[in-house]
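The file final.txt contains compact mmCIF, C-alpha atoms and all ligand atoms:
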```txt
# COMPACT_ATOMS: atom_id res chain seq x y z
CA MET A 1 98.77 43.57 -37.95
CA GLU A 2 99.33 43.57 -34.20
CA THR A 3 102.96 43.40 -33.24
CA ALA A 4 104.75 42.27 -30.12
CA GLU A 5 105.01 45.96 -29.12
CA THR A 6 101.30 46.69 -29.27
CA ALA A 7 99.43 43.45 -28.64
CA ASP A 8 98.18 42.41 -25.23
CA PRO A 9 98.56 39.49 -24.71
CA PRO A 10 101.57 39.36 -27.05
CA PRO A 11 101.46 37.29 -30.25
CA LEU A 12 101.88 33.55 -29.71
CA GLY A 13 103.90 31.24 -31.96
CA LEU A 14 104.00 27.43 -31.87
CA TYR A 15 107.35 25.75 -32.49
CA CYS A 16 107.73 22.04 -33.23
CA HIS A 17 111.08 20.26 -32.99
CA VAL A 18 111.30 17.21 -35.24
CA PRO A 19 114.41 15.55 -33.81
CA PHE A 20 115.36 13.19 -36.63
CA CYS A 21 118.21 13.31 -39.13
CA VAL A 22 119.53 10.51 -41.26
CA SER A 23 123.13 11.54 -40.49
CA THR A 24 124.82 14.26 -38.42
CA CYS A 25 126.42 17.30 -40.08
CA ASP A 26 129.89 18.13 -38.77
CA PHE A 27 128.81 21.52 -37.36
CA CYS A 28 125.52 20.40 -35.82
CA ALA A 29 124.82 21.28 -32.21
CA PHE A 30 121.04 20.68 -32.34
CA TYR A 31 119.40 17.74 -30.64
CA GLN A 32 118.71 15.14 -33.31
CA GLU A 33 119.06 11.39 -33.74
CA LYS A 34 118.83 8.78 -36.41
CA PRO A 35 115.28 7.42 -36.08
CA ARG A 36 115.20 3.84 -34.83
CA ARG A 37 112.34 1.49 -35.60
CA GLY A 38 109.14 2.79 -34.06
CA ASP A 39 110.63 6.16 -32.99
CA ILE A 40 108.60 8.23 -35.41
CA LEU A 41 105.31 6.74 -34.23
CA ARG A 42 106.31 7.24 -30.59
CA TYR A 43 107.26 10.83 -31.43
CA LEU A 44 103.93 11.56 -33.14
CA ASP A 45 101.97 10.03 -30.23
CA GLY A 46 104.08 12.17 -27.89
CA VAL A 47 103.43 15.46 -29.71
CA GLU A 48 99.70 14.76 -29.83
CA ARG A 49 99.64 14.12 -26.09
CA GLU A 50 101.86 17.11 -25.37
CA LEU A 51 99.51 19.37 -27.33
CA ALA A 52 96.62 17.99 -25.27
CA LEU A 53 98.48 18.41 -21.96
CA CYS A 54 99.66 21.94 -22.75
CA PRO A 55 97.44 23.42 -25.44
CA PRO A 56 97.95 26.99 -26.65
CA ASP A 57 95.84 29.35 -24.52
CA ARG A 58 94.90 31.41 -27.59
CA ALA A 59 95.18 30.93 -31.33
CA ALA A 60 98.79 31.22 -32.46
CA GLY A 61 99.42 33.33 -35.55
CA THR A 62 102.57 31.45 -36.55
CA PHE A 63 103.82 27.86 -36.59
CA PHE A 64 107.47 26.96 -37.15
CA TRP A 65 108.64 23.37 -37.64
CA GLY A 66 112.39 22.88 -37.36
CA GLY A 67 114.77 20.28 -36.14
CA GLY A 68 116.37 17.98 -37.02
CA THR A 69 114.74 17.67 -40.39
CA PRO A 70 110.94 17.70 -40.52
CA GLY A 71 111.27 16.41 -44.09
CA VAL A 72 112.30 12.94 -42.88
CA LEU A 73 108.64 12.40 -41.94
CA ALA A 74 106.65 10.49 -44.54
CA PRO A 75 103.57 12.23 -46.04
CA GLU A 76 101.13 10.51 -43.68
CA ALA A 77 103.28 11.42 -40.65
CA LEU A 78 103.44 15.07 -41.81
CA ARG A 79 99.67 15.06 -42.20
CA ARG A 80 99.18 13.62 -38.73
CA LEU A 81 101.51 16.19 -37.15
CA GLY A 82 99.88 19.07 -39.04
CA SER A 83 96.36 17.96 -38.09
CA ALA A 84 97.38 17.79 -34.42
CA PHE A 85 98.68 21.37 -34.55
CA LEU A 86 95.65 22.74 -36.41
CA ARG A 87 93.27 20.97 -34.02
CA ALA A 88 95.07 22.26 -30.93
CA ASN A 89 95.29 25.81 -32.30
CA GLY A 90 91.67 25.93 -33.42
CA ALA A 91 92.63 28.10 -36.40
CA ALA A 92 95.08 28.12 -39.28
CA PRO A 93 98.11 30.34 -38.63
CA PHE A 94 98.81 33.14 -41.09
CA GLU A 95 102.46 32.03 -41.34
CA TRP A 96 103.55 28.39 -41.15
CA THR A 97 107.21 27.64 -41.80
CA VAL A 98 108.73 24.21 -42.37
CA GLU A 99 112.49 23.74 -42.61
CA LEU A 100 113.55 21.17 -45.17
CA ALA A 101 116.89 19.55 -45.98
CA PRO A 102 117.41 19.15 -49.75
CA ALA A 103 117.77 15.37 -49.64
CA THR A 104 114.37 15.00 -47.93
CA VAL A 105 112.34 17.09 -50.38
CA LYS A 106 109.86 14.96 -52.31
CA ARG A 107 106.85 15.96 -54.35
CA ASP A 108 104.36 13.98 -52.23
CA ARG A 109 105.62 15.57 -48.99
CA LEU A 110 105.40 19.06 -50.48
CA ALA A 111 101.85 18.36 -51.68
CA VAL A 112 100.79 17.42 -48.14
CA LEU A 113 102.42 20.55 -46.70
CA ARG A 114 100.63 22.77 -49.22
CA GLU A 115 97.27 21.09 -48.62
CA MET A 116 97.60 21.60 -44.86
CA GLY A 117 98.26 25.32 -45.30
CA VAL A 118 102.04 25.59 -44.88
CA THR A 119 102.94 29.05 -46.23
CA ARG A 120 106.71 29.15 -45.96
CA VAL A 121 109.43 26.65 -46.80
CA SER A 122 113.02 27.17 -45.74
CA LEU A 123 115.55 25.05 -47.60
CA GLY A 124 118.84 24.25 -45.82
CA VAL A 125 121.14 24.69 -48.81
CA GLN A 126 124.27 25.75 -46.84
CA SER A 127 126.36 25.84 -50.04
CA PHE A 128 126.03 25.08 -53.75
CA ASP A 129 129.63 23.91 -53.85
CA ALA A 130 130.30 20.17 -53.43
CA SER A 131 133.63 20.63 -51.63
CA THR A 132 132.15 23.13 -49.13
CA LEU A 133 129.24 20.75 -48.48
CA ALA A 134 131.75 17.96 -47.86
CA ALA A 135 133.75 20.18 -45.48
CA LEU A 136 130.53 20.77 -43.51
CA GLY A 137 129.70 17.08 -43.45
CA ARG A 138 126.38 17.70 -45.21
CA GLN A 139 124.92 14.68 -46.87
CA HIS A 140 123.32 16.35 -49.90
CA LEU A 141 124.81 17.07 -53.28
CA PRO A 142 124.36 20.26 -55.32
CA ARG A 143 122.08 18.49 -57.79
CA GLN A 144 119.69 17.59 -54.93
CA ILE A 145 119.41 21.28 -54.05
CA TYR A 146 118.33 22.17 -57.60
CA GLN A 147 115.87 19.29 -57.75
CA ALA A 148 114.39 20.25 -54.37
CA TRP A 149 114.14 23.87 -55.42
CA ASP A 150 112.32 23.04 -58.65
CA TRP A 151 109.78 20.95 -56.74
CA ILE A 152 109.30 23.65 -54.09
CA ARG A 153 108.65 26.26 -56.79
CA GLU A 154 106.32 23.93 -58.62
CA ALA A 155 104.33 23.31 -55.40
CA GLY A 156 103.62 27.06 -55.21
CA PHE A 157 104.47 28.12 -51.64
CA LYS A 158 103.78 31.81 -50.90
CA ASN A 159 107.12 32.37 -49.27
CA THR A 160 110.44 30.61 -49.82
CA SER A 161 113.75 30.93 -48.05
CA LEU A 162 117.27 29.58 -48.54
CA ASP A 163 119.79 29.08 -45.71
CA LEU A 164 123.50 29.48 -46.43
CA ILE A 165 126.60 29.11 -44.26
CA PHE A 166 129.82 31.07 -44.72
CA ALA A 167 133.35 30.87 -43.33
CA ALA A 168 133.33 27.09 -43.77
CA PRO A 169 136.76 25.40 -43.53
CA GLY A 170 138.71 25.90 -46.74
CA GLN A 171 135.97 28.06 -48.30
CA GLU A 172 137.69 30.78 -50.29
CA GLU A 173 136.07 34.19 -50.53
CA SER A 174 135.32 33.68 -54.22
CA ARG A 175 133.40 30.47 -53.41
CA TRP A 176 131.24 32.32 -50.91
CA HIS A 177 130.51 35.04 -53.47
CA ALA A 178 129.53 32.34 -55.94
CA ASP A 179 127.15 30.81 -53.35
CA LEU A 180 125.49 34.16 -52.72
CA ALA A 181 125.14 34.87 -56.43
CA GLU A 182 123.63 31.44 -57.00
CA ALA A 183 121.13 31.93 -54.17
CA VAL A 184 120.04 35.25 -55.68
CA ARG A 185 119.76 33.66 -59.13
CA LEU A 186 117.22 31.18 -57.73
CA ALA A 187 115.16 34.22 -56.56
CA PRO A 188 113.83 33.11 -53.16
CA ASP A 189 111.80 35.60 -51.11
CA HIS A 190 114.14 35.35 -48.16
CA ILE A 191 117.79 34.44 -47.55
CA SER A 192 119.48 33.57 -44.24
CA THR A 193 123.27 33.64 -44.08
CA TYR A 194 124.97 32.20 -41.01
CA CYS A 195 128.61 32.51 -40.11
CA LEU A 196 129.78 29.03 -39.19
CA THR A 197 130.14 28.70 -35.43
CA LEU A 198 132.07 25.83 -33.99
CA GLU A 199 130.09 24.59 -31.02
CA GLU A 200 131.57 22.20 -28.49
CA ASP A 201 130.89 18.50 -29.05
CA THR A 202 130.59 18.88 -32.82
CA ALA A 203 132.87 17.09 -35.27
CA LEU A 204 134.18 20.44 -36.54
CA PHE A 205 135.01 21.63 -33.02
CA ILE A 206 137.14 18.53 -32.54
CA LYS A 207 138.97 19.31 -35.79
CA LEU A 208 139.50 22.88 -34.52
CA ALA A 209 140.90 21.57 -31.24
CA LYS A 210 143.30 19.34 -33.21
CA GLY A 211 144.39 22.30 -35.36
CA ARG A 212 142.92 20.79 -38.54
CA VAL A 213 140.66 23.79 -39.15
CA ARG A 214 141.06 27.37 -37.97
CA VAL A 215 138.91 30.41 -37.33
CA ASP A 216 139.88 33.72 -38.95
CA ALA A 217 137.92 36.61 -37.38
CA ASP A 218 139.18 39.20 -39.91
CA ASN A 219 138.08 37.03 -42.79
CA GLU A 220 134.65 36.55 -41.16
CA ALA A 221 134.21 40.34 -40.80
CA ALA A 222 135.14 40.83 -44.47
CA LEU A 223 132.61 38.18 -45.50
CA TYR A 224 129.87 39.79 -43.38
CA ARG A 225 130.48 43.17 -45.03
CA ALA A 226 130.54 41.74 -48.54
CA THR A 227 127.34 39.74 -47.89
CA TRP A 228 125.38 42.69 -46.55
CA ALA A 229 126.42 44.95 -49.42
CA PHE A 230 125.69 42.36 -52.11
CA LEU A 231 122.28 41.27 -50.87
CA GLU A 232 121.12 44.85 -50.35
CA GLU A 233 122.15 45.63 -53.95
CA GLN A 234 120.15 42.63 -55.13
CA GLY A 235 116.92 43.79 -53.46
CA TYR A 236 117.13 41.74 -50.24
CA ALA A 237 116.81 44.14 -47.32
CA GLN A 238 118.64 43.12 -44.19
CA TYR A 239 116.23 43.04 -41.24
CA GLU A 240 118.41 41.10 -38.80
CA ILE A 241 122.11 40.34 -38.71
CA SER A 242 121.67 37.03 -40.53
CA ASN A 243 118.36 37.58 -42.34
CA PHE A 244 117.38 39.31 -45.57
CA ALA A 245 114.04 39.55 -47.32
CA ARG A 246 112.20 41.06 -50.20
CA ALA A 247 109.47 43.48 -49.10
CA GLY A 248 106.79 41.74 -47.01
CA HIS A 249 108.71 38.47 -46.61
CA ALA A 250 110.45 38.78 -43.23
CA CYS A 251 109.80 35.77 -40.98
CA VAL A 252 107.10 36.94 -38.55
CA HIS A 253 107.60 33.96 -36.20
CA ASN A 254 111.25 34.88 -35.69
CA LEU A 255 110.50 38.61 -35.42
CA ASN A 256 108.02 37.88 -32.61
CA THR A 257 110.61 35.73 -30.84
CA TRP A 258 113.26 38.45 -31.01
CA ARG A 259 110.70 40.98 -29.78
CA MET A 260 110.10 38.82 -26.69
CA ALA A 261 106.53 37.83 -27.50
CA GLU A 262 105.44 34.30 -26.45
CA TRP A 263 106.05 30.90 -27.96
CA LEU A 264 105.29 27.32 -27.00
CA GLY A 265 107.64 24.57 -28.11
CA TYR A 266 106.60 20.94 -28.67
CA GLY A 267 108.85 17.92 -29.12
CA PRO A 268 112.14 17.05 -27.42
CA ALA A 269 114.54 19.99 -26.90
CA ALA A 270 111.89 22.56 -27.88
CA ALA A 271 112.08 25.81 -25.92
CA SER A 272 109.16 27.94 -24.73
CA GLN A 273 108.56 31.40 -23.38
CA TRP A 274 105.07 31.53 -21.97
CA ARG A 275 103.16 32.98 -19.06
CA GLY A 276 106.17 34.60 -17.44
CA GLN A 277 108.50 31.59 -17.74
CA ARG A 278 111.14 30.31 -20.09
CA PHE A 279 111.78 26.55 -20.19
CA GLN A 280 113.05 23.73 -22.36
CA ASN A 281 111.79 20.20 -23.00
CA PRO A 282 114.28 17.39 -22.29
CA ALA A 283 116.70 17.04 -25.22
CA ASN A 284 116.17 13.30 -25.42
CA LEU A 285 113.29 11.44 -27.02
CA ASP A 286 112.92 8.86 -24.22
CA ARG A 287 113.13 11.38 -21.38
CA TRP A 288 110.69 13.72 -23.08
CA LEU A 289 108.26 10.82 -23.62
CA LYS A 290 108.59 9.69 -20.02
CA GLY A 291 107.08 12.95 -18.76
CA ILE A 292 104.34 12.85 -21.34
CA GLU A 293 103.43 9.24 -20.54
CA ALA A 294 103.26 10.13 -16.84
CA GLY A 295 100.94 13.02 -17.71
CA ALA A 296 103.36 15.57 -16.20
CA LEU A 297 105.53 17.40 -18.71
CA LEU A 298 109.23 17.55 -17.79
CA ARG A 299 110.52 21.08 -18.07
CA GLU A 300 114.17 21.95 -17.73
CA GLN A 301 116.14 25.18 -17.35
CA VAL A 302 113.03 26.89 -16.00
CA VAL A 303 113.56 30.64 -15.58
CA ALA A 304 110.98 32.99 -14.09
CA LEU A 305 110.99 36.06 -16.32
CA SER A 306 111.28 39.31 -14.42
CA PRO A 307 110.44 42.61 -16.16
CA GLU A 308 114.19 43.38 -16.11
CA THR A 309 115.09 40.08 -17.85
CA LEU A 310 112.51 40.68 -20.57
CA LEU A 311 113.67 44.26 -21.05
CA ALA A 312 117.36 43.27 -21.25
CA ASP A 313 116.62 40.43 -23.72
CA ALA A 314 114.36 42.62 -25.85
CA LEU A 315 117.21 45.15 -26.08
CA VAL A 316 119.85 42.55 -26.94
CA PHE A 317 117.77 40.78 -29.60
CA GLY A 318 116.21 44.05 -30.81
CA LEU A 319 119.62 45.55 -31.46
CA ARG A 320 120.37 42.70 -33.87
CA MET A 321 117.47 43.95 -36.01
CA ASN A 322 117.99 46.80 -38.46
CA ALA A 323 114.85 48.56 -37.19
CA GLY A 324 116.60 48.94 -33.83
CA VAL A 325 114.97 49.38 -30.42
CA GLU A 326 113.28 52.14 -28.49
CA PRO A 327 114.52 51.62 -24.93
CA GLU A 328 111.93 53.90 -23.28
CA VAL A 329 109.07 52.19 -25.12
CA LEU A 330 110.36 48.74 -24.13
CA ALA A 331 110.80 49.83 -20.51
CA ARG A 332 107.15 50.93 -20.40
CA ARG A 333 106.01 47.74 -22.11
CA PHE A 334 107.71 45.49 -19.55
CA GLY A 335 107.19 47.79 -16.55
CA ALA A 336 110.93 47.99 -15.76
CA ARG A 337 113.31 50.89 -15.20
CA LEU A 338 116.19 51.60 -17.56
CA PRO A 339 119.43 51.45 -15.58
CA ALA A 340 121.54 54.63 -15.62
CA ALA A 341 124.50 52.57 -16.90
CA LEU A 342 122.52 51.75 -20.06
CA ARG A 343 122.10 55.43 -20.94
CA THR A 344 125.85 55.94 -20.45
CA LEU A 345 126.57 52.90 -22.62
CA GLY A 346 124.32 54.23 -25.40
CA ILE A 347 126.14 57.57 -25.44
CA ARG A 348 129.54 55.86 -25.46
CA LEU A 349 128.62 53.48 -28.29
CA GLU A 350 127.28 56.39 -30.33
CA GLU A 351 130.51 58.32 -29.80
CA GLU A 352 132.44 55.27 -30.96
CA GLY A 353 130.37 55.11 -34.15
CA LEU A 354 128.75 51.77 -33.24
CA LEU A 355 125.25 53.06 -32.58
CA SER A 356 122.98 55.81 -33.91
CA GLY A 357 119.65 57.31 -32.81
CA VAL A 358 120.45 57.63 -29.08
CA PRO A 359 118.37 58.19 -26.97
CA GLU A 360 115.05 57.51 -28.80
CA CYS A 361 115.67 54.68 -31.24
CA TRP A 362 118.96 52.82 -30.98
CA ARG A 363 120.24 51.28 -34.19
CA LEU A 364 123.56 49.54 -34.63
CA THR A 365 125.69 51.02 -37.39
CA LEU A 366 127.40 48.65 -39.82
CA GLU A 367 130.47 48.57 -37.55
CA GLY A 368 128.16 48.01 -34.57
CA ARG A 369 126.51 45.03 -36.25
CA LEU A 370 129.93 43.46 -36.69
CA ARG A 371 130.39 43.71 -32.93
CA ALA A 372 126.84 42.81 -31.93
CA ASP A 373 127.92 39.98 -29.60
CA ALA A 374 130.26 42.19 -27.58
CA ILE A 375 127.60 44.94 -27.44
CA ALA A 376 125.06 42.40 -26.17
CA VAL A 377 127.42 41.50 -23.31
CA ALA A 378 127.88 45.21 -22.49
CA VAL A 379 124.08 45.74 -22.44
CA LEU A 380 123.56 42.79 -20.09
CA GLU A 381 126.28 44.12 -17.76
CA CYS A 382 124.24 47.30 -17.19
CA TRP A 383 122.02 45.47 -14.69
S1 LIG B 1 120.35 18.58 -40.98
FE1 LIG B 1 120.35 20.24 -39.43
S2 LIG B 1 119.72 19.24 -37.53
FE2 LIG B 1 120.27 17.59 -38.97
S3 LIG B 1 122.40 17.11 -38.51
FE3 LIG B 1 122.44 18.65 -40.15
S4 LIG B 1 122.52 20.65 -39.09
FE4 LIG B 1 121.92 19.12 -37.58
```

Target format structure tokens, applied to this file:
Amino acid sequence: METAETADPPPLGLYCHVPFCVSTCDFCAFYQEKPRRGDILRYLDGVERELALCPPDRAAGTFFWGGGTPGVLAPEALRRLGSAFLRANGAAPFEWTVELAPATVKRDRLAVLREMGVTRVSLGVQSFDASTLAALGRQHLPRQIYQAWDWIREAGFKNTSLDLIFAAPGQEESRWHADLAEAVRLAPDHISTYCLTLEEDTALFIKLAKGRVRVDADNEAALYRATWAFLEEQGYAQYEISNFARAGHACVHNLNTWRMAEWLGYGPAAASQWRGQRFQNPANLDRWLKGIEAGALLREQVVALSPETLLADALVFGLRMNAGVEPEVLARRFGARLPAALRTLGIRLEEEGLLSGVPECWRLTLEGRLRADAIAVAVLECW
């Protein structure tokens, strides 16, 4: 398979943002709204027109539908959205992921997804524990997770993933271990584990500001370590800080994104990196539709991508992956020079035990992965 390192042009992925949720989780910082009457039809019309106004310039190998919750769409709406993507792409992708929230999983929706060629389903479990789910403001109950999982297995998707969140308010370490063990018991092909981040303007951030919840960095580091050790032992190889897979089940769409390939995003708030630019669609259904109806797509936060920007971002995201990065190879790929400060940084991080493989292939050590955010800042400061 061609990879982002070898392919020219690079692999293309199509992302679709389905911006609807029935209620808002307390930690949610994504653009989503409760669908009002007629919104879903306006959204589907909009995506069809957006695909016609900005079609992929070559067949994409991966589709990824996220949100929001794509599962709020009824079977006929899912079919319409899928047909629009397949028509615009001209070919079926080899990987097609759809994120689903447990409460939205229904047999008829899964049947439509399978028929259309969806290969990968990612279930937003977050926790199997009712009190942790309540602390996160999630609307589903543990029994809905098990029901959804049974139906997903029964539908026969090639690749399944579960998403979990740790360091939730009041979540004791033993509860997190129980969540991990339960996820492994269900035997998905892939597991994502995210440390809860409290983003501004979320209900949990407000509780943090009022002192009703607190963040404990030492506890988070201990949970990271325990998670990585446990999942590795259970046959899930870590391939990125938050992602673990059985052999052959890493998410190719995400790998291509982290390797700075190209992607086109459709729907409000969807981001793109394409033809030397990065941009985002308006994070508002009406504003996004306004551009589409006028026949001129509104693009926000437009950044022209210089070779240096691509190189720096490929290093930062690449370092989060266990395979690491080859700085010289990336510099040649993007046609940029490696700054002298980066070489010095690599040597220093290796001396501090945070990095190995300098100068050829830089890989963060376990300690380095725990400090990946600070290392990313240090890499970006080299320019
Ligand atoms: S389901 Fe996802 S997108 Fe919707 S409110 Fe919860 S976290 Fe946000």

ask   = Pick the closest to Thr202 in chain A from A:Ala340, A:Ala91, A:Cys25, A:Val105: which is it, counting only C-alpha atoms?
value = A:Cys25

Top pick for closest residue to ligand LIG 1 (chain B), considering A:Ala130, A:Ala323, A:Ile165, A:Ile152 and counting all atoms listed in the file = A:Ile165

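With all atoms listed in the file as the atoms that count, the minimum distance from ligand LIG 1 (chain B) to the choices A:Glu326, A:Asp8, A:Glu48, A:Glu199 is reached by A:Glu199.
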
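Of the residues under consideration (A:Gly46, A:Pro11, A:Gly68, A:Gly90), A:Gly46 shows the shortest atom-to-atom contact distance to Gly291 in chain A when counting all atoms listed in the file.
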
remark   = Students should find that CA of Ala283 in chain A and CA of Pro19 in chain A are spaced 9.0 Å

Mind listing the residues within 6 Å of ligand LIG 1 (chain B), all atoms listed in the file counted, as a JSON list (two decimals) with C-alpha atoms, in the frame of the given file?
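Written out: result.json:
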```json
[["chain", "number", "residue", "atom", "x", "y", "z"],
["A", 21, "CYS", "CA", 118.21, 13.31, -39.13],
["A", 23, "SER", "CA", 123.13, 11.54, -40.49],
["A", 24, "THR", "CA", 124.82, 14.26, -38.42],
["A", 25, "CYS", "CA", 126.42, 17.30, -40.08],
["A", 28, "CYS", "CA", 125.52, 20.40, -35.82],
["A", 30, "PHE", "CA", 121.04, 20.68, -32.34],
["A", 32, "GLN", "CA", 118.71, 15.14, -33.31],
["A", 67, "GLY", "CA", 114.77, 20.28, -36.14],
["A", 68, "GLY", "CA", 116.37, 17.98, -37.02],
["A", 69, "THR", "CA", 114.74, 17.67, -40.39]]
```

Could you pull the residues within 6 Å of range 134-142 of chain A, counting all atoms listed in the file, minus those fewer than 4 positions along the same chain, as a PDB file with C-alpha atoms, in the frame of the given file?
```pdb
ATOM      1  CA  CYS A  25     126.420  17.300 -40.080  1.00  0.00           C
ATOM      2  CA  ASP A  26     129.890  18.130 -38.770  1.00  0.00           C
ATOM      3  CA  ALA A 103     117.770  15.370 -49.640  1.00  0.00           C
ATOM      4  CA  PHE A 128     126.030  25.080 -53.750  1.00  0.00           C
TER       5      PHE A 128
END
```

inquiry  = So that I can check the surroundings of range 253-265 of chain A, please list as a ChimeraX atom specification every protein, DNA and RNA residue that reaches within 6 Å of it, counting only C-alpha atoms and ignoring chain neighbours fewer than 6 positions away.
reply    = /A:4,10-16,62,271-274,314,317

Those residues with C-alpha atoms, as a PDB file, in the frame of the given file please?
```pdb
ATOM      1  CA  ALA A   4     104.750  42.270 -30.120  1.00  0.00           C
ATOM      2  CA  PRO A  10     101.570  39.360 -27.050  1.00  0.00           C
ATOM      3  CA  PRO A  11     101.460  37.290 -30.250  1.00  0.00           C
ATOM      4  CA  LEU A  12     101.880  33.550 -29.710  1.00  0.00           C
ATOM      5  CA  GLY A  13     103.900  31.240 -31.960  1.00  0.00           C
ATOM      6  CA  LEU A  14     104.000  27.430 -31.870  1.00  0.00           C
ATOM      7  CA  TYR A  15     107.350  25.750 -32.490  1.00  0.00           C
ATOM      8  CA  CYS A  16     107.730  22.040 -33.230  1.00  0.00           C
ATOM      9  CA  THR A  62     102.570  31.450 -36.550  1.00  0.00           C
ATOM     10  CA  ALA A 271     112.080  25.810 -25.920  1.00  0.00           C
ATOM     11  CA  SER A 272     109.160  27.940 -24.730  1.00  0.00           C
ATOM     12  CA  GLN A 273     108.560  31.400 -23.380  1.00  0.00           C
ATOM     13  CA  TRP A 274     105.070  31.530 -21.970  1.00  0.00           C
ATOM     14  CA  ALA A 314     114.360  42.620 -25.850  1.00  0.00           C
ATOM     15  CA  PHE A 317     117.770  40.780 -29.600  1.00  0.00           C
TER      16      PHE A 317
END
```

request  = Just give me the residues with any atom within 12 Å of (127.2, 47.5, -16.6), file coordinates, counting only C-alpha atoms, written as a PyMOL selection string.
outcome  = chain A and resi 312+338-346+375-383

inquiry  = List the spatial neighbours of His177 in chain A as a PyMOL selection string - criterion: any atom at most 12 Å away, all atoms listed in the file, same-chain residues fewer than 6 positions off excluded.
reply    = chain A and resi 127-129+164-167+171+183-184+193+222-231

message = Given the point (123.1, 41.2, -58.4) in the file's coordinates, find the residues that have an atom at most 10 Å from it, counting all atoms listed in the file, and give them as a list in words.
response = Leu180, Ala181, Glu182, Val184, Arg185, Phe230, Leu231, Glu232, Glu233, Gln234 and Gly235 of chain A

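Of the listed residues A:Gln144, A:Gln126, A:Thr132, A:Ser83, the one whose atoms come nearest to Pro102 in chain A is A:Gln144, with distances taken using all atoms listed in the file.
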
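Nearest-residue note for Lys106 in chain A: choosing from A:Leu51, A:Leu204, A:Leu319, A:Ala74, the minimum distance belongs to A:Ala74, counting only C-alpha atoms.
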
request  = Quick one: pull the distance between CA of Arg36 in chain A and CA of Leu285 in chain A, Å, one decimal.
outcome  = 11.1 Å

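Excluding Ile347 in chain A itself and any same-chain residue fewer than 3 positions from it, the protein and nucleic acid residues within 12 Å of it, counting all atoms listed in the file, are Ala340, Ala341, Leu342, Arg343, Thr344, Glu350, Glu351, Glu352, Gly353, Leu354, Leu355, Ser356, Gly357, Val358, Pro359, Glu360 and Trp362 of chain A.
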
ask   = Can you list, as a VMD selection string, every protein, DNA or RNA residue that comes within 9 Å of Leu330 in chain A when you count all atoms listed in the file, leaving out same-chain residues fewer than 5 positions away?
value = chain A and resid 5 311 314 to 315 325 335 to 336

Residue subset to file, keeping C-alpha atoms, as a CSV table (one decimal), keeping the file's coordinate frame:
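Generated file (result_1.csv):
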```csv
chain,number,residue,atom,x,y,z
A,5,GLU,CA,105.0,46.0,-29.1
A,311,LEU,CA,113.7,44.3,-21.0
A,314,ALA,CA,114.4,42.6,-25.8
A,315,LEU,CA,117.2,45.2,-26.1
A,325,VAL,CA,115.0,49.4,-30.4
A,335,GLY,CA,107.2,47.8,-16.6
A,336,ALA,CA,110.9,48.0,-15.8
```

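Note that CA of Asn89 in chain A and CA of Ala60 in chain A are 6.4 Å apart.
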